[in-house]
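Input: a single structure, listed below in structure tokens.
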Amino acid sequence: MKRILLLVTAFMLLSVQGFSQFGIKGGLNFNSLEDINLRGVKDFDIGNSTGFNAGILYKVKIPLVGLAIQPELIYSQTNSSINTGLEGGSNLNGDLKLGTLMLPVGLQWGIDLMLFRPFIQAVPYIGYTVNTQNKITNLNWNVDKFKYGVGLGAGLDIWKLQISGRYNWDLGDVAEFEWKGVDTFKGGKNKGFELSLAILF
């Protein structure tokens with residue numbers, strides 16, 4: 001019985017090893033900062049901005065059923081451009097940037113077609129903000145460091161390349177904002193599309 005268990009365990013380990021790959025990836029983020037409510041705003045405009053993502057991944061395919069699990073460790077930068085007119089003629093203009101260390105875990109289902117594998121994916125993620133930049137005069141923000149959310153998307157494995165895209169929704173607030181030390185408001189959620197290319201080894 002022990003020999004059978006050892007053989008089964010060895011077979012499973014070899015199977016996983018044969019269907020696992022490391023990789024490096026990078027790409028672009030096209031995000032927007034939404035759900036901000038500021039009293040006294042007569043014209044609030046948050047522009048979509050381009051950031052980037054880069055990091056490493058580890059993919060494990062489950063034989064026969066088309067499933068794969070792909071955890072990643074990614075540095076992701078998101079940018080937001082704000083142009084707002086406030087009552088009294090003052091303006092709230094400038095850029096906000098967040099640099100976040102992300103841990104997404106992709107749950108993929110795809111079909112192996114010899115030379116390529118198309119797949120769909122659901123990607124829950126957590127993250128921790130390690131870098132912030134605020135170029136808006138008189139606006140202070142206390143960033144919520146811990147991030148969490150979910151992404152949905154699709155991709156394509158071609159030999160040792162993986163092209164993927166997904167739409168990410170942050171489920172928590174970005175920060176607590178303070179305008180001229182008077183008006184304090186909490187909110188903002190990063191939402192947007194992530195496009196990336198990975199090389200698998």
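Letters A, B, ... mark the chains of the structure tokens in the order given; residue numbers begin at 1 per chain; ligand numbers begin at 1, in order shown.
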
Give me the residues near Met102 in chain A as an MDAnalysis selection string, where near means some atom within 8 Å (using only C-alpha atoms) and where sequence neighbours in that chain fewer than 2 positions away do not count. chainID A and resid 72:76 100 104 125:128

Please list as a list in words every residue within 9 Å of Lys25 in chain A, counting only C-alpha atoms and excluding residues in the same chain fewer than 3 positions away.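 Using only C-alpha atoms, the neighbours found are Asn53, Ala54, Gly55, Ile56, Leu57, Ile74, Gln162, Ser196, Leu197, Ala198, Ile199 and Leu200 of chain A.
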
Based on the selection just made, write N, CA and C atoms of those residues as a PDB file, in the first residue's frame.
ATOM      1  N   ASN A  53       2.494  47.830 -16.050  1.00  0.00           N
ATOM      2  CA  ASN A  53       2.617  46.722 -15.117  1.00  0.00           C
ATOM      3  C   ASN A  53       3.788  45.843 -15.534  1.00  0.00           C
ATOM      4  N   ALA A  54       4.476  45.248 -14.558  1.00  0.00           N
ATOM      5  CA  ALA A  54       5.616  44.381 -14.837  1.00  0.00           C
ATOM      6  C   ALA A  54       5.838  43.454 -13.649  1.00  0.00           C
ATOM      7  N   GLY A  55       6.238  42.209 -13.931  1.00  0.00           N
ATOM      8  CA  GLY A  55       6.481  41.277 -12.844  1.00  0.00           C
ATOM      9  C   GLY A  55       6.738  39.866 -13.309  1.00  0.00           C
ATOM     10  N   ILE A  56       6.498  38.906 -12.423  1.00  0.00           N
ATOM     11  CA  ILE A  56       6.751  37.494 -12.684  1.00  0.00           C
ATOM     12  C   ILE A  56       5.471  36.691 -12.463  1.00  0.00           C
ATOM     13  N   LEU A  57       5.451  35.472 -13.016  1.00  0.00           N
ATOM     14  CA  LEU A  57       4.279  34.607 -12.867  1.00  0.00           C
ATOM     15  C   LEU A  57       4.717  33.157 -12.773  1.00  0.00           C
ATOM     16  N   ILE A  74       3.241  41.363  -9.256  1.00  0.00           N
ATOM     17  CA  ILE A  74       3.282  42.427 -10.250  1.00  0.00           C
ATOM     18  C   ILE A  74       3.418  43.789  -9.575  1.00  0.00           C
ATOM     19  N   GLN A 162       2.474  34.512 -23.961  1.00  0.00           N
ATOM     20  CA  GLN A 162       1.096  34.641 -23.490  1.00  0.00           C
ATOM     21  C   GLN A 162       0.655  36.092 -23.638  1.00  0.00           C
ATOM     22  N   SER A 196      -1.254  42.822 -21.335  1.00  0.00           N
ATOM     23  CA  SER A 196       0.102  42.389 -21.010  1.00  0.00           C
ATOM     24  C   SER A 196       0.583  41.291 -21.945  1.00  0.00           C
ATOM     25  N   LEU A 197       1.905  41.173 -22.013  1.00  0.00           N
ATOM     26  CA  LEU A 197       2.587  40.139 -22.774  1.00  0.00           C
ATOM     27  C   LEU A 197       3.568  39.447 -21.840  1.00  0.00           C
ATOM     28  N   ALA A 198       3.533  38.101 -21.837  1.00  0.00           N
ATOM     29  CA  ALA A 198       4.420  37.317 -20.967  1.00  0.00           C
ATOM     30  C   ALA A 198       5.271  36.358 -21.797  1.00  0.00           C
ATOM     31  N   ILE A 199       6.483  36.113 -21.323  1.00  0.00           N
ATOM     32  CA  ILE A 199       7.367  35.102 -21.893  1.00  0.00           C
ATOM     33  C   ILE A 199       7.462  33.970 -20.875  1.00  0.00           C
ATOM     34  N   LEU A 200       7.157  32.738 -21.302  1.00  0.00           N
ATOM     35  CA  LEU A 200       7.113  31.574 -20.430  1.00  0.00           C
ATOM     36  C   LEU A 200       8.357  30.712 -20.631  1.00  0.00           C
TER      37      LEU A 200
END

Got a sec: who's within 12 Å of range 158-160 of chain A, counting only C-alpha atoms, leaving out chain neighbours fewer than 6 positions off, as a count of residues only? 19

Residues at most 8 Å from Gly66 in chain A, counting only C-alpha atoms, excluding those fewer than 3 positions away in the same chain, as a ChimeraX atom specification? /A:61-63,109-112

Would you put the residues from that selection into a file with N, CA and C atoms, as an mmCIF file, in the first residue's frame?
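Output saved as again25.cif:
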data_model
loop_
_atom_site.group_PDB
_atom_site.id
_atom_site.type_symbol
_atom_site.label_atom_id
_atom_site.label_comp_id
_atom_site.auth_asym_id
_atom_site.auth_seq_id
_atom_site.Cartn_x
_atom_site.Cartn_y
_atom_site.Cartn_z
ATOM 1 N N LYS A 61 -0.837 24.059 -15.096
ATOM 2 C CA LYS A 61 -1.979 23.530 -15.838
ATOM 3 C C LYS A 61 -2.438 22.225 -15.205
ATOM 4 N N ILE A 62 -3.747 22.045 -15.152
ATOM 5 C CA ILE A 62 -4.332 20.805 -14.659
ATOM 6 C C ILE A 62 -4.699 19.961 -15.874
ATOM 7 N N PRO A 63 -4.051 18.810 -16.065
ATOM 8 C CA PRO A 63 -4.241 18.032 -17.287
ATOM 9 C C PRO A 63 -5.698 17.609 -17.504
ATOM 10 N N TRP A 109 -9.570 28.950 -17.791
ATOM 11 C CA TRP A 109 -10.098 27.770 -18.478
ATOM 12 C C TRP A 109 -9.878 27.966 -19.962
ATOM 13 N N GLY A 110 -9.226 26.981 -20.588
ATOM 14 C CA GLY A 110 -8.918 27.113 -21.999
ATOM 15 C C GLY A 110 -8.915 25.784 -22.716
ATOM 16 N N ILE A 111 -8.692 25.835 -24.015
ATOM 17 C CA ILE A 111 -8.679 24.650 -24.865
ATOM 18 C C ILE A 111 -7.320 24.579 -25.563
ATOM 19 N N ASP A 112 -6.616 23.466 -25.388
ATOM 20 C CA ASP A 112 -5.334 23.272 -26.062
ATOM 21 C C ASP A 112 -5.569 22.868 -27.513
#

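Residue nearest Tyr148 in chain A, chosen from A:Ser81, A:Pro124, A:Ile163, A:Gln133 and counting only C-alpha atoms: A:Pro124.
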
Using only C-alpha atoms, the shortest atom-to-atom distance to Lys147 in chain A among A:Asn93, A:Thr132, A:Gly172, A:Asn190 belongs to A:Gly172

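As for CA of Glu194 in chain A and CA of Gly151 in chain A, they are spaced 9.2 Å apart.
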
Please list as a list in words every residue within 6 Å of Gly106 in chain A, counting only C-alpha atoms and excluding residues in the same chain fewer than 6 positions away. Ile69, Gln70, Pro71, Ala122 and Val123 of chain A

Got time to write the residues from that selection, N, CA and C atoms, as a PDB file, in the first residue's frame?
ATOM      1  N   ILE A  69      -3.965  27.484 -13.095  1.00  0.00           N
ATOM      2  CA  ILE A  69      -3.872  28.469 -12.022  1.00  0.00           C
ATOM      3  C   ILE A  69      -2.596  29.268 -12.241  1.00  0.00           C
ATOM      4  N   GLN A  70      -2.716  30.589 -12.236  1.00  0.00           N
ATOM      5  CA  GLN A  70      -1.552  31.426 -12.543  1.00  0.00           C
ATOM      6  C   GLN A  70      -1.416  32.551 -11.516  1.00  0.00           C
ATOM      7  N   PRO A  71      -0.699  32.311 -10.424  1.00  0.00           N
ATOM      8  CA  PRO A  71      -0.390  33.411  -9.496  1.00  0.00           C
ATOM      9  C   PRO A  71       0.713  34.291 -10.077  1.00  0.00           C
ATOM     10  N   ALA A 122     -10.750  34.476 -14.603  1.00  0.00           N
ATOM     11  CA  ALA A 122     -11.207  35.303 -13.486  1.00  0.00           C
ATOM     12  C   ALA A 122     -10.012  35.478 -12.561  1.00  0.00           C
ATOM     13  N   VAL A 123      -9.767  36.730 -12.123  1.00  0.00           N
ATOM     14  CA  VAL A 123      -8.522  37.028 -11.410  1.00  0.00           C
ATOM     15  C   VAL A 123      -8.809  37.840 -10.144  1.00  0.00           C
TER      16      VAL A 123
END

Pick out the residues sitting within 10 Å of Gly165 in chain A, and hand them over as a list in words; count only C-alpha atoms, and ignore anything fewer than 6 positions along from it in its own chain. Gly27, Leu28, Asn29, Ile120, Gln121, Gly151, Leu152, Gly153, Ala154, Gly155, Leu156, Phe193, Glu194, Leu195, Ser196 and Leu197 of chain A

How would the residues just chosen look if you wrote them out with N, CA, C and O atoms as a PDB file, in the first residue's frame?
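part39.pdb written:
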ATOM      1  N   GLY A  27       3.273  45.138 -19.380  1.00  0.00           N
ATOM      2  CA  GLY A  27       2.212  45.668 -20.224  1.00  0.00           C
ATOM      3  C   GLY A  27       1.763  47.042 -19.790  1.00  0.00           C
ATOM      4  O   GLY A  27       2.464  47.743 -19.051  1.00  0.00           O
ATOM      5  N   LEU A  28       0.581  47.412 -20.232  1.00  0.00           N
ATOM      6  CA  LEU A  28       0.037  48.748 -20.000  1.00  0.00           C
ATOM      7  C   LEU A  28      -1.278  48.673 -19.229  1.00  0.00           C
ATOM      8  O   LEU A  28      -2.045  47.714 -19.361  1.00  0.00           O
ATOM      9  N   ASN A  29      -1.519  49.710 -18.424  1.00  0.00           N
ATOM     10  CA  ASN A  29      -2.788  49.884 -17.715  1.00  0.00           C
ATOM     11  C   ASN A  29      -3.525  51.089 -18.291  1.00  0.00           C
ATOM     12  O   ASN A  29      -2.937  52.162 -18.441  1.00  0.00           O
ATOM     13  N   ILE A 120     -10.192  31.909 -21.067  1.00  0.00           N
ATOM     14  CA  ILE A 120     -10.853  32.976 -20.322  1.00  0.00           C
ATOM     15  C   ILE A 120     -10.372  32.890 -18.881  1.00  0.00           C
ATOM     16  O   ILE A 120      -9.880  31.843 -18.439  1.00  0.00           O
ATOM     17  N   GLN A 121     -10.492  34.012 -18.146  1.00  0.00           N
ATOM     18  CA  GLN A 121      -9.934  34.008 -16.804  1.00  0.00           C
ATOM     19  C   GLN A 121     -10.709  34.904 -15.854  1.00  0.00           C
ATOM     20  O   GLN A 121     -11.257  35.935 -16.248  1.00  0.00           O
ATOM     21  N   GLY A 151     -10.628  40.808 -11.419  1.00  0.00           N
ATOM     22  CA  GLY A 151     -10.508  41.081 -12.839  1.00  0.00           C
ATOM     23  C   GLY A 151     -11.132  39.965 -13.657  1.00  0.00           C
ATOM     24  O   GLY A 151     -11.153  38.806 -13.224  1.00  0.00           O
ATOM     25  N   LEU A 152     -11.647  40.307 -14.824  1.00  0.00           N
ATOM     26  CA  LEU A 152     -12.206  39.328 -15.766  1.00  0.00           C
ATOM     27  C   LEU A 152     -11.608  39.599 -17.136  1.00  0.00           C
ATOM     28  O   LEU A 152     -11.470  40.762 -17.538  1.00  0.00           O
ATOM     29  N   GLY A 153     -11.260  38.530 -17.852  1.00  0.00           N
ATOM     30  CA  GLY A 153     -10.669  38.761 -19.162  1.00  0.00           C
ATOM     31  C   GLY A 153     -10.434  37.483 -19.927  1.00  0.00           C
ATOM     32  O   GLY A 153     -11.033  36.437 -19.664  1.00  0.00           O
ATOM     33  N   ALA A 154      -9.521  37.565 -20.893  1.00  0.00           N
ATOM     34  CA  ALA A 154      -9.215  36.445 -21.774  1.00  0.00           C
ATOM     35  C   ALA A 154      -7.765  36.556 -22.217  1.00  0.00           C
ATOM     36  O   ALA A 154      -7.093  37.579 -21.998  1.00  0.00           O
ATOM     37  N   GLY A 155      -7.265  35.498 -22.840  1.00  0.00           N
ATOM     38  CA  GLY A 155      -5.892  35.512 -23.304  1.00  0.00           C
ATOM     39  C   GLY A 155      -5.619  34.416 -24.304  1.00  0.00           C
ATOM     40  O   GLY A 155      -6.507  33.629 -24.668  1.00  0.00           O
ATOM     41  N   LEU A 156      -4.370  34.345 -24.721  1.00  0.00           N
ATOM     42  CA  LEU A 156      -3.955  33.377 -25.720  1.00  0.00           C
ATOM     43  C   LEU A 156      -2.503  32.976 -25.460  1.00  0.00           C
ATOM     44  O   LEU A 156      -1.617  33.844 -25.399  1.00  0.00           O
ATOM     45  N   PHE A 193      -8.636  48.680 -17.862  1.00  0.00           N
ATOM     46  CA  PHE A 193      -8.202  47.553 -18.665  1.00  0.00           C
ATOM     47  C   PHE A 193      -6.689  47.377 -18.552  1.00  0.00           C
ATOM     48  O   PHE A 193      -5.938  48.352 -18.598  1.00  0.00           O
ATOM     49  N   GLU A 194      -6.272  46.148 -18.389  1.00  0.00           N
ATOM     50  CA  GLU A 194      -4.857  45.791 -18.325  1.00  0.00           C
ATOM     51  C   GLU A 194      -4.513  44.890 -19.504  1.00  0.00           C
ATOM     52  O   GLU A 194      -5.142  43.856 -19.716  1.00  0.00           O
ATOM     53  N   LEU A 195      -3.507  45.277 -20.271  1.00  0.00           N
ATOM     54  CA  LEU A 195      -3.047  44.497 -21.425  1.00  0.00           C
ATOM     55  C   LEU A 195      -1.593  44.118 -21.174  1.00  0.00           C
ATOM     56  O   LEU A 195      -0.775  44.972 -20.837  1.00  0.00           O
ATOM     57  N   SER A 196      -1.254  42.822 -21.335  1.00  0.00           N
ATOM     58  CA  SER A 196       0.102  42.389 -21.010  1.00  0.00           C
ATOM     59  C   SER A 196       0.583  41.291 -21.945  1.00  0.00           C
ATOM     60  O   SER A 196      -0.205  40.570 -22.556  1.00  0.00           O
ATOM     61  N   LEU A 197       1.905  41.173 -22.013  1.00  0.00           N
ATOM     62  CA  LEU A 197       2.587  40.139 -22.774  1.00  0.00           C
ATOM     63  C   LEU A 197       3.568  39.447 -21.840  1.00  0.00           C
ATOM     64  O   LEU A 197       4.342  40.103 -21.135  1.00  0.00           O
TER      65      LEU A 197
END

Report, in Å with one decimal, the straight-line distance from CA of Glu34 in chain A to CA of Leu171 in chain A.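 Atom-to-atom, CA of Glu34 in chain A to CA of Leu171 in chain A, that is 11.5 Å.
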